[in-house]
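Visitor: Okay, so here is protein06.cif, and as you'll see once you scroll down, it has mmCIF, C-alpha atoms and all ligand atoms.
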data_input
#
loop_
_atom_site.label_atom_id
_atom_site.label_comp_id
_atom_site.auth_asym_id
_atom_site.auth_seq_id
_atom_site.Cartn_x
_atom_site.Cartn_y
_atom_site.Cartn_z
CA MET A 2 0.00 0.00 0.00
CA ARG A 3 1.01 3.61 -0.43
CA VAL A 4 2.06 4.99 2.92
CA SER A 5 1.61 8.72 2.74
CA SER A 6 1.97 9.76 6.37
CA ARG A 7 3.14 8.51 9.75
CA GLN A 8 -0.41 7.46 10.65
CA ASP A 9 -0.31 4.87 7.84
CA ILE A 10 2.74 3.05 9.28
CA PRO A 11 0.68 0.41 11.18
CA GLU A 12 -0.99 -0.48 7.84
CA ALA A 13 2.29 -0.77 5.91
CA ARG A 14 2.87 -4.13 4.25
CA ARG A 15 6.67 -4.03 4.48
CA ILE A 16 8.97 -1.88 6.58
CA VAL A 17 12.73 -1.61 7.00
CA VAL A 18 14.00 -0.34 10.35
CA LYS A 19 17.63 0.73 10.72
CA VAL A 20 19.43 1.12 14.04
CA GLY A 21 23.00 2.37 14.53
CA SER A 22 25.73 1.19 16.86
CA SER A 23 25.44 4.01 19.38
CA SER A 24 21.70 3.39 19.91
CA ILE A 25 22.21 -0.22 21.03
CA SER A 26 25.62 -0.34 22.70
CA GLY A 27 27.35 1.19 25.73
CA GLU A 28 24.93 3.21 27.87
CA ASN A 29 22.17 2.51 25.34
CA ALA A 30 22.62 -1.29 25.37
CA HIS A 31 19.23 -1.64 27.11
CA GLN A 32 17.52 -0.15 24.03
CA ILE A 33 18.01 -3.35 22.06
CA LYS A 34 15.15 -4.85 24.11
CA THR A 35 12.85 -1.87 23.43
CA LEU A 36 13.70 -2.16 19.75
CA VAL A 37 13.04 -5.90 19.50
CA GLU A 38 9.72 -5.56 21.38
CA ALA A 39 8.55 -2.89 18.93
CA LEU A 40 9.67 -4.95 15.91
CA ALA A 41 7.97 -8.05 17.34
CA GLU A 42 4.71 -6.10 17.84
CA ALA A 43 4.75 -4.99 14.18
CA HIS A 44 5.75 -8.46 12.94
CA CYS A 45 3.00 -10.13 14.99
CA ARG A 46 0.30 -7.86 13.56
CA GLY A 47 1.33 -9.08 10.08
CA THR A 48 3.79 -6.44 8.89
CA GLU A 49 6.86 -7.76 7.08
CA VAL A 50 9.78 -6.34 9.03
CA VAL A 51 13.44 -6.12 8.01
CA LEU A 52 16.00 -4.84 10.51
CA VAL A 53 19.25 -3.22 9.36
CA SER A 54 21.52 -3.17 12.39
CA SER A 55 25.08 -2.06 12.85
CA GLY A 56 26.75 -2.64 16.18
CA ALA A 57 28.94 -5.59 15.23
CA MET A 58 32.13 -3.62 15.79
CA ALA A 59 30.95 -1.96 19.00
CA THR A 60 29.81 -5.36 20.33
CA GLY A 61 33.17 -6.90 19.43
CA PHE A 62 35.46 -4.24 20.98
CA PRO A 63 35.48 -5.59 24.59
CA TYR A 64 36.13 -9.16 23.40
CA ILE A 65 39.40 -8.05 21.80
CA ASN A 66 40.28 -5.76 24.71
CA LEU A 67 39.46 -2.43 23.07
CA THR A 68 37.92 0.35 25.13
CA SER A 69 37.42 2.79 22.26
CA ARG A 70 36.96 2.67 18.49
CA PRO A 71 40.26 1.90 16.69
CA THR A 72 41.13 3.76 13.51
CA ASP A 73 42.67 1.05 11.34
CA LEU A 74 40.39 -0.97 9.10
CA PRO A 75 41.73 -4.50 9.81
CA THR A 76 41.14 -4.03 13.57
CA LEU A 77 37.63 -2.69 12.90
CA GLN A 78 37.01 -5.71 10.68
CA ALA A 79 38.32 -8.09 13.35
CA ALA A 80 36.01 -6.45 15.92
CA ALA A 81 33.06 -6.83 13.53
CA ALA A 82 33.86 -10.51 12.92
CA VAL A 83 33.86 -11.14 16.68
CA GLY A 84 30.87 -8.93 17.44
CA GLN A 85 28.50 -9.90 14.60
CA SER A 86 27.74 -13.37 15.99
CA ARG A 87 27.31 -12.01 19.54
CA LEU A 88 24.94 -9.35 18.21
CA MET A 89 22.85 -11.95 16.38
CA VAL A 90 22.67 -14.10 19.53
CA ARG A 91 21.39 -11.07 21.48
CA TYR A 92 18.73 -10.37 18.86
CA GLN A 93 17.65 -14.01 18.58
CA GLU A 94 17.37 -14.45 22.37
CA LEU A 95 15.06 -11.44 22.55
CA LEU A 96 13.05 -12.50 19.48
CA ASP A 97 12.58 -15.97 21.03
CA HIS A 98 10.08 -14.37 23.48
CA SER A 99 7.79 -13.74 20.49
CA ASN A 100 8.66 -16.98 18.64
CA ILE A 101 10.27 -15.03 15.81
CA VAL A 102 13.20 -16.48 13.88
CA ALA A 103 15.92 -14.10 12.69
CA GLY A 104 17.99 -14.55 9.52
CA GLN A 105 21.41 -12.94 9.14
CA VAL A 106 22.07 -11.15 5.84
CA LEU A 107 25.50 -9.57 5.27
CA LEU A 108 25.93 -7.36 2.21
CA THR A 109 28.47 -4.99 0.68
CA SER A 110 27.86 -2.06 -1.65
CA GLY A 111 29.35 -4.12 -4.54
CA ASP A 112 26.51 -6.64 -4.08
CA PHE A 113 24.01 -3.95 -5.10
CA GLU A 114 26.00 -2.94 -8.18
CA ASN A 115 26.27 -6.45 -9.62
CA ASP A 116 23.06 -7.72 -11.25
CA SER A 117 23.50 -11.31 -10.19
CA THR A 118 24.36 -10.69 -6.52
CA ARG A 119 21.63 -8.03 -6.24
CA SER A 120 19.07 -10.40 -7.69
CA ASN A 121 20.23 -13.24 -5.41
CA ALA A 122 19.92 -10.96 -2.40
CA ALA A 123 16.44 -9.83 -3.47
CA LEU A 124 15.25 -13.43 -3.94
CA ALA A 125 16.69 -14.52 -0.59
CA MET A 126 15.03 -11.59 1.18
CA GLU A 127 11.67 -12.37 -0.46
CA LYS A 128 11.93 -15.98 0.66
CA LEU A 129 12.88 -15.02 4.22
CA LEU A 130 9.86 -12.69 4.43
CA GLU A 131 7.57 -15.31 2.90
CA LEU A 132 8.79 -17.72 5.60
CA ARG A 133 7.92 -15.06 8.24
CA VAL A 134 11.59 -14.82 9.22
CA LEU A 135 12.86 -11.41 10.38
CA PRO A 136 15.96 -10.62 8.30
CA ILE A 137 18.70 -8.74 10.15
CA VAL A 138 21.03 -7.04 7.68
CA ASN A 139 24.47 -5.61 8.30
CA GLU A 140 27.41 -4.64 6.16
CA ASN A 141 29.75 -7.55 5.44
CA ASP A 142 32.59 -5.72 7.17
CA THR A 143 35.30 -8.32 6.58
CA VAL A 144 35.34 -7.74 2.84
CA ALA A 145 34.48 -4.02 2.76
CA THR A 146 37.37 -1.62 2.16
CA GLN A 147 37.57 1.98 3.38
CA GLU A 148 36.36 3.22 -0.01
CA ILE A 149 33.33 0.98 -0.23
CA ARG A 150 32.30 1.03 3.43
CA PHE A 151 28.73 2.19 3.96
CA GLY A 152 29.66 3.93 7.22
CA ASP A 153 26.96 3.60 9.81
CA ASN A 154 24.59 1.71 7.47
CA ASP A 155 22.17 4.55 6.69
CA HIS A 156 22.88 4.23 2.98
CA LEU A 157 22.81 0.42 3.23
CA ALA A 158 19.35 0.68 4.81
CA ALA A 159 18.15 2.87 1.92
CA LEU A 160 19.50 0.34 -0.60
CA VAL A 161 17.80 -2.51 1.27
CA ALA A 162 14.51 -0.56 1.32
CA LYS A 163 14.79 -0.19 -2.46
CA LEU A 164 15.79 -3.86 -2.91
CA VAL A 165 12.69 -5.12 -1.09
CA ASN A 166 10.34 -2.32 -2.26
CA ALA A 167 9.60 -1.31 1.32
CA ASP A 168 6.65 1.01 1.99
CA VAL A 169 8.48 2.74 4.82
CA LEU A 170 12.06 3.06 6.03
CA VAL A 171 12.49 4.01 9.70
CA LEU A 172 15.96 5.36 10.46
CA LEU A 173 16.58 5.32 14.21
CA SER A 174 18.95 7.85 15.68
CA ASP A 175 20.04 9.31 19.02
CA VAL A 176 17.86 12.36 18.36
CA ASP A 177 14.21 12.64 17.36
CA GLY A 178 14.60 13.50 13.69
CA ILE A 179 16.31 16.23 11.68
CA TYR A 180 16.61 19.62 13.35
CA THR A 181 17.12 23.01 11.75
CA LYS A 182 20.55 23.10 13.44
CA PRO A 183 22.36 20.73 15.84
CA PRO A 184 19.71 19.99 18.51
CA THR A 185 21.96 21.10 21.39
CA GLU A 186 22.09 24.63 19.94
CA PRO A 187 19.53 27.24 21.05
CA GLY A 188 16.64 27.73 18.67
CA ALA A 189 17.02 24.30 17.01
CA GLU A 190 13.63 23.04 15.86
CA ARG A 191 12.54 19.61 14.71
CA ILE A 192 11.53 19.49 11.06
CA GLU A 193 8.24 17.55 11.01
CA LEU A 194 7.80 17.05 7.29
CA VAL A 195 10.08 17.08 4.27
CA PRO A 196 7.95 17.22 1.10
CA PHE A 197 9.38 15.21 -1.80
CA GLY A 198 12.08 17.13 -3.66
CA HIS A 199 12.73 19.58 -0.81
CA LEU A 200 16.49 20.09 -0.57
CA LEU A 201 17.00 20.86 3.14
CA ASP A 202 19.52 23.56 2.20
CA HIS A 203 18.52 25.66 5.23
CA VAL A 204 19.59 22.86 7.61
CA GLU A 205 22.87 23.12 9.47
CA PHE A 206 24.12 19.56 10.01
CA GLY A 207 26.33 18.90 13.04
CA SER A 208 29.15 16.42 13.43
CA ILE A 209 28.95 12.69 13.74
CA GLY A 210 27.16 10.62 16.47
CA SER A 211 27.54 11.21 20.17
CA ALA A 212 28.92 7.98 21.66
CA GLY A 213 32.03 7.63 19.48
CA VAL A 214 31.26 4.04 18.50
CA GLY A 215 29.38 4.53 15.23
CA SER A 216 30.10 6.52 12.12
CA GLY A 217 26.81 8.16 11.02
CA GLY A 218 25.22 11.55 11.67
CA ALA A 219 22.19 13.67 10.74
CA GLY A 220 23.72 14.50 7.34
CA THR A 221 24.15 10.85 6.33
CA LYS A 222 20.61 10.10 7.56
CA ALA A 223 19.09 12.94 5.54
CA ALA A 224 21.01 11.84 2.42
CA ALA A 225 19.88 8.23 2.88
CA ALA A 226 16.29 9.39 3.46
CA GLN A 227 16.31 11.42 0.25
CA PHE A 228 17.72 8.46 -1.71
CA ALA A 229 14.99 6.16 -0.36
CA ALA A 230 12.27 8.76 -1.01
CA GLU A 231 13.42 9.00 -4.64
CA SER A 232 13.14 5.21 -4.90
CA GLY A 233 9.51 5.37 -3.72
CA THR A 234 9.91 4.57 -0.02
CA ALA A 235 8.66 7.06 2.58
CA VAL A 236 11.07 7.62 5.48
CA LEU A 237 10.75 8.45 9.15
CA ILE A 238 13.84 9.52 11.11
CA THR A 239 13.30 9.34 14.86
CA ASN A 240 14.93 8.53 18.18
CA ALA A 241 15.58 4.82 18.85
CA ALA A 242 13.86 5.24 22.24
CA LEU A 243 10.65 6.19 20.37
CA VAL A 244 10.60 3.19 18.03
CA ALA A 245 7.39 1.71 19.47
CA SER A 246 5.52 5.04 19.06
CA ALA A 247 6.93 5.42 15.56
CA LEU A 248 5.71 1.98 14.46
CA ARG A 249 2.27 2.76 15.93
CA GLY A 250 2.04 5.87 13.76
CA ASP A 251 2.50 8.57 16.42
CA ASN A 252 3.60 12.08 15.53
CA VAL A 253 7.34 11.68 16.18
CA GLY A 254 10.48 12.43 14.18
CA THR A 255 10.92 13.82 10.69
CA TRP A 256 8.79 12.40 7.86
CA PHE A 257 10.07 12.38 4.25
CA ASP A 258 7.39 11.99 1.61
CA ALA A 259 8.21 9.47 -1.12
CA ALA A 260 8.21 10.31 -4.81
CA SER A 261 4.77 9.74 -6.28
CA GLU A 262 4.54 6.62 -8.45
N1 LIG B 1 28.82 -2.50 9.99
C1 LIG B 1 29.42 -1.82 11.09
C2 LIG B 1 29.02 -2.49 12.41
O1 LIG B 1 28.08 -3.20 12.45
C3 LIG B 1 29.08 -0.38 11.00
C4 LIG B 1 29.49 0.44 12.19
C5 LIG B 1 30.28 1.70 11.88
O2 LIG B 1 30.89 1.87 10.85
O3 LIG B 1 30.26 2.53 12.71
O4 LIG B 1 29.63 -2.34 13.41
#
Output the structure of this file as structure tokens.
Guide:
Amino acid sequence: MRVSSRQDIPEARRIVVKVGSSSISGENAHQIKTLVEALAEAHCRGTEVVLVSSGAMATGFPYINLTSRPTDLPTLQAAAAVGQSRLMVRYQELLDHSNIVAGQVLLTSGDFENDSTRSNAALAMEKLLELRVLPIVNENDTVATQEIRFGDNDHLAALVAKLVNADVLVLLSDVDGIYTKPPTEPGAERIELVPFGHLLDHVEFGSIGSAGVGSGGAGTKAAAAQFAAESGTAVLITNAALVASALRGDNVGTWFDAASE
């Protein structure tokens, strides 16, 4: 169905929800439970739900004795390799309460550029959704180089939304949407609605995420949202703590209208 406003989200056939590392690790580690409960509620009312989750690296850091994010790519990749399986176990344990089975899908940007890998990924995702499995997608960090890394998965989430023809993409953040200037600055106001084609040139984007474990920011979210909107998927950017309200259609975050068909 065509989802033309937040209030339509509970009626959406297929949604992609993206969460970043800083929203589910460190002092926000408890939010993974809130997230899974909201996803389970949507899944159980019949919505097809895909989760795009980073957090593999942040989850892996303590297991290889790192207290902060390293800068070299091989160490980041090693942390992701260690953390990805732990992250999936955390998700599956929480999904078990609702009898939902998760499926791990790891992709790189090259997979979307190559016809055969893109088509394989699309077919696998369709089958997972038909089987009522909840796919959990992350970047395949071990084979991604600095040049082709997605960063904190906002762009990956937009590509996944396009791949599966999602009705809505929900990008979860540490703040409730896009603000006219960094939300800590006086006078910053939440932008409620971005009509399709609106360029956001009056927005002053701040620097990258707060917790120092991820790599995204408001600018990458807005760019990903505009890409998804052009591909026909409406987008809501909101705070990870508000995910349940968002999936119930409440008036939270920043809504990006999709291109008309
Ligand atoms: N795929 C990475 C992860 O899951 C992305 C995190 C990042 O670059 O910050 O950890």
Visitor: Could I get the residues of chain A with an atom no further than 10 Å from an atom of ligand LIG 1 (chain B), each paired with its nearest atom pair and that distance in Å to one decimal, using all atoms listed in the file, sorted by chain and residue number, as JSON lines?
Guide:
{"residue": "A:Val20", "atom": "CA", "partner": "B:LIG1", "partner_atom": "O1", "distance": 9.8}
{"residue": "A:Gly21", "atom": "CA", "partner": "B:LIG1", "partner_atom": "C4", "distance": 7.2}
{"residue": "A:Ser22", "atom": "CA", "partner": "B:LIG1", "partner_atom": "C4", "distance": 6.0}
{"residue": "A:Ser23", "atom": "CA", "partner": "B:LIG1", "partner_atom": "O3", "distance": 8.4}
{"residue": "A:Val53", "atom": "CA", "partner": "B:LIG1", "partner_atom": "O1", "distance": 9.4}
{"residue": "A:Ser54", "atom": "CA", "partner": "B:LIG1", "partner_atom": "O1", "distance": 6.6}
{"residue": "A:Ser55", "atom": "CA", "partner": "B:LIG1", "partner_atom": "O1", "distance": 3.2}
{"residue": "A:Gly56", "atom": "CA", "partner": "B:LIG1", "partner_atom": "O1", "distance": 4.0}
{"residue": "A:Ala57", "atom": "CA", "partner": "B:LIG1", "partner_atom": "O1", "distance": 3.8}
{"residue": "A:Met58", "atom": "CA", "partner": "B:LIG1", "partner_atom": "O4", "distance": 3.7}
{"residue": "A:Ala59", "atom": "CA", "partner": "B:LIG1", "partner_atom": "O4", "distance": 5.8}
{"residue": "A:Thr60", "atom": "CA", "partner": "B:LIG1", "partner_atom": "O4", "distance": 7.6}
{"residue": "A:Gly61", "atom": "CA", "partner": "B:LIG1", "partner_atom": "O4", "distance": 8.3}
{"residue": "A:Phe62", "atom": "CA", "partner": "B:LIG1", "partner_atom": "O4", "distance": 9.7}
{"residue": "A:Arg70", "atom": "CA", "partner": "B:LIG1", "partner_atom": "O3", "distance": 8.8}
{"residue": "A:Leu77", "atom": "CA", "partner": "B:LIG1", "partner_atom": "O4", "distance": 8.0}
{"residue": "A:Gln78", "atom": "CA", "partner": "B:LIG1", "partner_atom": "C1", "distance": 8.5}
{"residue": "A:Ala80", "atom": "CA", "partner": "B:LIG1", "partner_atom": "O4", "distance": 8.0}
{"residue": "A:Ala81", "atom": "CA", "partner": "B:LIG1", "partner_atom": "O4", "distance": 5.7}
{"residue": "A:Ala82", "atom": "CA", "partner": "B:LIG1", "partner_atom": "O4", "distance": 9.2}
{"residue": "A:Gly84", "atom": "CA", "partner": "B:LIG1", "partner_atom": "O4", "distance": 7.8}
{"residue": "A:Gln85", "atom": "CA", "partner": "B:LIG1", "partner_atom": "O1", "distance": 7.0}
{"residue": "A:Leu88", "atom": "CA", "partner": "B:LIG1", "partner_atom": "O1", "distance": 9.0}
{"residue": "A:Leu107", "atom": "CA", "partner": "B:LIG1", "partner_atom": "N1", "distance": 9.1}
{"residue": "A:Leu108", "atom": "CA", "partner": "B:LIG1", "partner_atom": "N1", "distance": 9.6}
{"residue": "A:Thr109", "atom": "CA", "partner": "B:LIG1", "partner_atom": "N1", "distance": 9.6}
{"residue": "A:Val138", "atom": "CA", "partner": "B:LIG1", "partner_atom": "N1", "distance": 9.3}
{"residue": "A:Asn139", "atom": "CA", "partner": "B:LIG1", "partner_atom": "N1", "distance": 5.6}
{"residue": "A:Glu140", "atom": "CA", "partner": "B:LIG1", "partner_atom": "N1", "distance": 4.6}
{"residue": "A:Asn141", "atom": "CA", "partner": "B:LIG1", "partner_atom": "N1", "distance": 6.9}
{"residue": "A:Asp142", "atom": "CA", "partner": "B:LIG1", "partner_atom": "N1", "distance": 5.7}
{"residue": "A:Thr143", "atom": "CA", "partner": "B:LIG1", "partner_atom": "N1", "distance": 9.4}
{"residue": "A:Ala145", "atom": "CA", "partner": "B:LIG1", "partner_atom": "N1", "distance": 9.3}
{"residue": "A:Arg150", "atom": "CA", "partner": "B:LIG1", "partner_atom": "O2", "distance": 7.6}
{"residue": "A:Phe151", "atom": "CA", "partner": "B:LIG1", "partner_atom": "O2", "distance": 7.2}
{"residue": "A:Gly152", "atom": "CA", "partner": "B:LIG1", "partner_atom": "O2", "distance": 4.4}
{"residue": "A:Asp153", "atom": "CA", "partner": "B:LIG1", "partner_atom": "C5", "distance": 4.3}
{"residue": "A:Asn154", "atom": "CA", "partner": "B:LIG1", "partner_atom": "C3", "distance": 6.1}
{"residue": "A:Asp155", "atom": "CA", "partner": "B:LIG1", "partner_atom": "C3", "distance": 9.5}
{"residue": "A:Leu157", "atom": "CA", "partner": "B:LIG1", "partner_atom": "N1", "distance": 9.5}
{"residue": "A:Gly210", "atom": "CA", "partner": "B:LIG1", "partner_atom": "O3", "distance": 9.4}
{"residue": "A:Gly213", "atom": "CA", "partner": "B:LIG1", "partner_atom": "O3", "distance": 8.7}
{"residue": "A:Val214", "atom": "CA", "partner": "B:LIG1", "partner_atom": "O3", "distance": 6.1}
{"residue": "A:Gly215", "atom": "CA", "partner": "B:LIG1", "partner_atom": "O3", "distance": 3.3}
{"residue": "A:Ser216", "atom": "CA", "partner": "B:LIG1", "partner_atom": "O3", "distance": 4.0}
{"residue": "A:Gly217", "atom": "CA", "partner": "B:LIG1", "partner_atom": "O3", "distance": 6.8}
Visitor: To one decimal place, how far is CA of Leu200 in chain A from CA of Thr221 in chain A in Å?
Guide: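 Atom-to-atom, CA of Leu200 in chain A to CA of Thr221 in chain A, that is 13.8 Å.
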Visitor: Could you check how far CA of Leu164 in chain A sits from CA of Leu194 in chain A, in Å to one decimal?
Guide: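 Between these atoms lies a distance of 24.6 Å.
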Visitor: If we count only C-alpha atoms, what is near range 201-205 of chain A at a cut-off of 8 Å, once residues fewer than 6 positions away on the same chain are taken out, given as a ChimeraX atom specification?
Guide: /A:180-183,195
Visitor: Using all atoms listed in the file, can you tell me which of A:Asp73, A:Glu12, A:Glu186, A:Glu49 comes closest to Glu131 in chain A?
Guide: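 The answer is A:Glu49, which sits nearest to Glu131 in chain A.
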Visitor: What is the CA of Gly104 in chain A-CA of Pro136 in chain A distance in Å, reported with one decimal?
Guide: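 Atom-to-atom, CA of Gly104 in chain A and CA of Pro136 in chain A are spaced 4.6 Å apart.
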Visitor: Generate the coordinates of N, CA, C and O atoms for range 45-67 of chain A; report them as a PDB file, in the frame of the given file.
Guide:
ATOM      1  N   CYS A  45       4.120  -9.289  14.548  1.00  0.00           N
ATOM      2  CA  CYS A  45       3.000 -10.130  14.990  1.00  0.00           C
ATOM      3  C   CYS A  45       1.651  -9.606  14.498  1.00  0.00           C
ATOM      4  O   CYS A  45       0.695 -10.359  14.429  1.00  0.00           O
ATOM      5  N   ARG A  46       1.573  -8.305  14.122  1.00  0.00           N
ATOM      6  CA  ARG A  46       0.300  -7.860  13.560  1.00  0.00           C
ATOM      7  C   ARG A  46       0.281  -8.056  12.036  1.00  0.00           C
ATOM      8  O   ARG A  46      -0.635  -7.642  11.344  1.00  0.00           O
ATOM      9  N   GLY A  47       1.344  -8.680  11.491  1.00  0.00           N
ATOM     10  CA  GLY A  47       1.330  -9.080  10.080  1.00  0.00           C
ATOM     11  C   GLY A  47       2.253  -8.276   9.176  1.00  0.00           C
ATOM     12  O   GLY A  47       2.390  -8.588   7.996  1.00  0.00           O
ATOM     13  N   THR A  48       2.872  -7.230   9.711  1.00  0.00           N
ATOM     14  CA  THR A  48       3.790  -6.440   8.890  1.00  0.00           C
ATOM     15  C   THR A  48       5.050  -7.262   8.596  1.00  0.00           C
ATOM     16  O   THR A  48       5.522  -7.995   9.461  1.00  0.00           O
ATOM     17  N   GLU A  49       5.570  -7.134   7.381  1.00  0.00           N
ATOM     18  CA  GLU A  49       6.860  -7.760   7.080  1.00  0.00           C
ATOM     19  C   GLU A  49       7.956  -6.785   7.521  1.00  0.00           C
ATOM     20  O   GLU A  49       7.997  -5.652   7.033  1.00  0.00           O
ATOM     21  N   VAL A  50       8.796  -7.234   8.428  1.00  0.00           N
ATOM     22  CA  VAL A  50       9.780  -6.340   9.030  1.00  0.00           C
ATOM     23  C   VAL A  50      11.203  -6.798   8.697  1.00  0.00           C
ATOM     24  O   VAL A  50      11.520  -7.979   8.830  1.00  0.00           O
ATOM     25  N   VAL A  51      12.007  -5.862   8.232  1.00  0.00           N
ATOM     26  CA  VAL A  51      13.440  -6.120   8.010  1.00  0.00           C
ATOM     27  C   VAL A  51      14.190  -5.171   8.934  1.00  0.00           C
ATOM     28  O   VAL A  51      13.872  -3.978   8.993  1.00  0.00           O
ATOM     29  N   LEU A  52      15.173  -5.695   9.661  1.00  0.00           N
ATOM     30  CA  LEU A  52      16.000  -4.840  10.510  1.00  0.00           C
ATOM     31  C   LEU A  52      17.372  -4.690   9.862  1.00  0.00           C
ATOM     32  O   LEU A  52      17.971  -5.690   9.441  1.00  0.00           O
ATOM     33  N   VAL A  53      17.862  -3.453   9.753  1.00  0.00           N
ATOM     34  CA  VAL A  53      19.250  -3.220   9.360  1.00  0.00           C
ATOM     35  C   VAL A  53      19.944  -2.739  10.621  1.00  0.00           C
ATOM     36  O   VAL A  53      19.575  -1.699  11.176  1.00  0.00           O
ATOM     37  N   SER A  54      20.877  -3.516  11.114  1.00  0.00           N
ATOM     38  CA  SER A  54      21.520  -3.170  12.390  1.00  0.00           C
ATOM     39  C   SER A  54      23.023  -3.149  12.263  1.00  0.00           C
ATOM     40  O   SER A  54      23.637  -4.132  11.850  1.00  0.00           O
ATOM     41  N   SER A  55      23.638  -2.042  12.636  1.00  0.00           N
ATOM     42  CA  SER A  55      25.080  -2.060  12.850  1.00  0.00           C
ATOM     43  C   SER A  55      25.284  -2.393  14.322  1.00  0.00           C
ATOM     44  O   SER A  55      24.352  -2.798  15.008  1.00  0.00           O
ATOM     45  N   GLY A  56      26.491  -2.267  14.797  1.00  0.00           N
ATOM     46  CA  GLY A  56      26.750  -2.640  16.180  1.00  0.00           C
ATOM     47  C   GLY A  56      27.655  -3.847  16.304  1.00  0.00           C
ATOM     48  O   GLY A  56      28.022  -4.242  17.412  1.00  0.00           O
ATOM     49  N   ALA A  57      28.038  -4.438  15.161  1.00  0.00           N
ATOM     50  CA  ALA A  57      28.940  -5.590  15.230  1.00  0.00           C
ATOM     51  C   ALA A  57      30.292  -5.164  15.817  1.00  0.00           C
ATOM     52  O   ALA A  57      30.820  -5.806  16.732  1.00  0.00           O
ATOM     53  N   MET A  58      30.806  -4.066  15.308  1.00  0.00           N
ATOM     54  CA  MET A  58      32.130  -3.620  15.790  1.00  0.00           C
ATOM     55  C   MET A  58      32.046  -3.246  17.265  1.00  0.00           C
ATOM     56  O   MET A  58      32.848  -3.706  18.076  1.00  0.00           O
ATOM     57  N   ALA A  59      31.075  -2.417  17.609  1.00  0.00           N
ATOM     58  CA  ALA A  59      30.950  -1.960  19.000  1.00  0.00           C
ATOM     59  C   ALA A  59      30.755  -3.153  19.944  1.00  0.00           C
ATOM     60  O   ALA A  59      31.293  -3.167  21.049  1.00  0.00           O
ATOM     61  N   THR A  60      30.011  -4.166  19.480  1.00  0.00           N
ATOM     62  CA  THR A  60      29.810  -5.360  20.330  1.00  0.00           C
ATOM     63  C   THR A  60      31.116  -6.128  20.466  1.00  0.00           C
ATOM     64  O   THR A  60      31.396  -6.713  21.519  1.00  0.00           O
ATOM     65  N   GLY A  61      31.923  -6.111  19.419  1.00  0.00           N
ATOM     66  CA  GLY A  61      33.170  -6.900  19.430  1.00  0.00           C
ATOM     67  C   GLY A  61      34.306  -6.264  20.221  1.00  0.00           C
ATOM     68  O   GLY A  61      35.186  -6.979  20.729  1.00  0.00           O
ATOM     69  N   PHE A  62      34.301  -4.921  20.351  1.00  0.00           N
ATOM     70  CA  PHE A  62      35.460  -4.240  20.980  1.00  0.00           C
ATOM     71  C   PHE A  62      35.898  -4.882  22.300  1.00  0.00           C
ATOM     72  O   PHE A  62      37.073  -5.229  22.450  1.00  0.00           O
ATOM     73  N   PRO A  63      34.991  -5.065  23.305  1.00  0.00           N
ATOM     74  CA  PRO A  63      35.480  -5.590  24.590  1.00  0.00           C
ATOM     75  C   PRO A  63      36.077  -6.997  24.488  1.00  0.00           C
ATOM     76  O   PRO A  63      36.973  -7.335  25.266  1.00  0.00           O
ATOM     77  N   TYR A  64      35.614  -7.778  23.511  1.00  0.00           N
ATOM     78  CA  TYR A  64      36.130  -9.160  23.400  1.00  0.00           C
ATOM     79  C   TYR A  64      37.544  -9.203  22.845  1.00  0.00           C
ATOM     80  O   TYR A  64      38.219 -10.220  22.924  1.00  0.00           O
ATOM     81  N   ILE A  65      37.992  -8.094  22.238  1.00  0.00           N
ATOM     82  CA  ILE A  65      39.400  -8.050  21.800  1.00  0.00           C
ATOM     83  C   ILE A  65      40.130  -6.917  22.545  1.00  0.00           C
ATOM     84  O   ILE A  65      41.078  -6.323  22.052  1.00  0.00           O
ATOM     85  N   ASN A  66      39.628  -6.679  23.766  1.00  0.00           N
ATOM     86  CA  ASN A  66      40.280  -5.760  24.710  1.00  0.00           C
ATOM     87  C   ASN A  66      40.436  -4.329  24.206  1.00  0.00           C
ATOM     88  O   ASN A  66      41.447  -3.686  24.467  1.00  0.00           O
ATOM     89  N   LEU A  67      39.424  -3.826  23.509  1.00  0.00           N
ATOM     90  CA  LEU A  67      39.460  -2.430  23.070  1.00  0.00           C
ATOM     91  C   LEU A  67      38.449  -1.639  23.893  1.00  0.00           C
ATOM     92  O   LEU A  67      37.325  -2.093  24.106  1.00  0.00           O
TER      93      LEU A  67
END
